[in-house]
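Novice: If you scroll down you'll find the structure; I have some questions about it.
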Amino acid sequence: MKRSGLRVLVAAFALTVFGLNFSGNEAVAQTGKGVKVLTLNGTDGMQFDKKEFKVKAGQKVKLTLKHTGKFAKQAMGHNFVLLKPGTDLQAFASKANMAASTEYIPKSEAASIVAHTKLLGGGESDTIEFTAPKKGTYPFICSFPGHYSMMKGNFIVE
C-alpha cells in the first residue's frame, strides 16, 4: 500500500515540475515560464484535429502546425490564421483566395490577424510564438482557398 501511495506522490510531483496540464482528451505541455505549447494537425481531408484551444490572457504561446497529409501545398496547403473577434470569416476568406503571392494571407487584412503560420504542404510543420491577447474568443482558420468552412475553430483566451 505504501508503494502505490509513493507512486501517486511521485507522479503528482512530476506533473507539477514538468508542467503538464490535461484538458479534455489532449495533453498540453507547459514549459519554462508559463509558455503554453500547442500542436495542431491538418490533414489531406481538410480537417484540423482540434477545434478549440484555451489559454490565459498574456500567456506566451508556442503553436506548431503539422500538415500530416501527403499533398503538396499548391494542391492542399494548410496554415493557421488566428483572427480577432468579430472578423467576418467569409469576407476574410474571399480576400485570402486572391492572395496566392503571400501564401493566402491578405495584406489588406493585417489588422484582423493576431498570428499566423506559413503555408505548409504534406509532411511539413511550422512553429510560431506569440503572446495571447486579451480575454475573448478568437476564431482560427486555414486560409487556403476553400478550406476555411471546414478548417476552423476557436482560440479561447481566459
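Chain lettering (A, B, ...) mirrors the order of the C-alpha cells, residue numbering begins at 1 for each chain separately, and ligand numbering begins at 1 in order of display.
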Can you tell me which residues surround segment 96-111 of chain A at a distance of at most 12 Å, considering only C-alpha atoms, apart from same-chain residues fewer than 2 positions away, and format the answer as a VMD selection string?
Specialist: chain A and resid 73 to 74 77 to 85 87 to 94 113 to 121 141 to 148
Novice: Any idea what's packed within 7 Å of segment 153-157 of chain A, counting only C-alpha atoms, ignoring anything in its chain fewer than 3 positions away? Could you give it as a PyMOL selection string?
Specialist: chain A and resi 51-57+132+134-141
Novice: Considering only C-alpha atoms, return as a compact mmCIF listing (two decimals) with N, CA, C and O atoms, in the first residue's frame whatever protein or nucleic-acid residues lie within 6 Å of Phe48 of chain A, sequence-local ones (same chain, fewer than 3 positions apart) excluded.
Specialist:
# COMPACT_ATOMS: atom_id res chain seq x y z
N ASN A 41 -2.84 19.62 -35.96
CA ASN A 41 -2.56 18.83 -37.17
C ASN A 41 -3.63 19.11 -38.22
O ASN A 41 -4.82 19.18 -37.90
N GLY A 42 -3.19 19.24 -39.46
CA GLY A 42 -4.09 19.39 -40.60
C GLY A 42 -3.90 18.21 -41.54
O GLY A 42 -2.77 17.77 -41.76
N MET A 151 -12.08 23.98 -41.94
CA MET A 151 -10.89 24.03 -41.09
C MET A 151 -10.92 25.31 -40.27
O MET A 151 -10.31 26.32 -40.63
Novice: Give me, please, the distance in Å between atom CA of Glu129 of chain A and atom CA of Gln59 of chain A, quoted to one decimal.
Specialist: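 We find that atom CA of Glu129 of chain A and atom CA of Gln59 of chain A lie 10.6 Å from each other.
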Novice: What gap, in Å, lies between atom CA of Met46 of chain A and atom CA of Lys62 of chain A?
Specialist: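 According to the coordinates, atom CA of Met46 of chain A and atom CA of Lys62 of chain A are separated by 22.8 Å.
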Novice: Any idea what the distance is between atom CA of Thr39 of chain A and atom CA of Ser125 of chain A?
Specialist: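 Distance reported for this atom pair: 10.0 Å.
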Novice: Considering only C-alpha atoms, state which residue in the set A:Lys50, A:His67, A:Glu158, A:Gly86 is at the smallest distance from Thr127 of chain A.
Specialist: A:His67
Novice: For Gly69 of chain A, find every residue with an atom within 6 Å (counting only C-alpha atoms), except residues of its own chain fewer than 6 positions away, and show them as an MDAnalysis selection string.
Specialist: chainID A and resid 43:44 122
Novice: For the residues in that selection, give me C-alpha atoms as a compact mmCIF listing (two decimals), in the first residue's frame.
Specialist:
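Result file follows (out.txt):
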# COMPACT_ATOMS: atom_id res chain seq x y z
CA THR A 43 -4.95 16.51 -42.94
CA ASP A 44 -5.44 15.92 -46.65
CA GLY A 122 2.22 17.42 -46.74
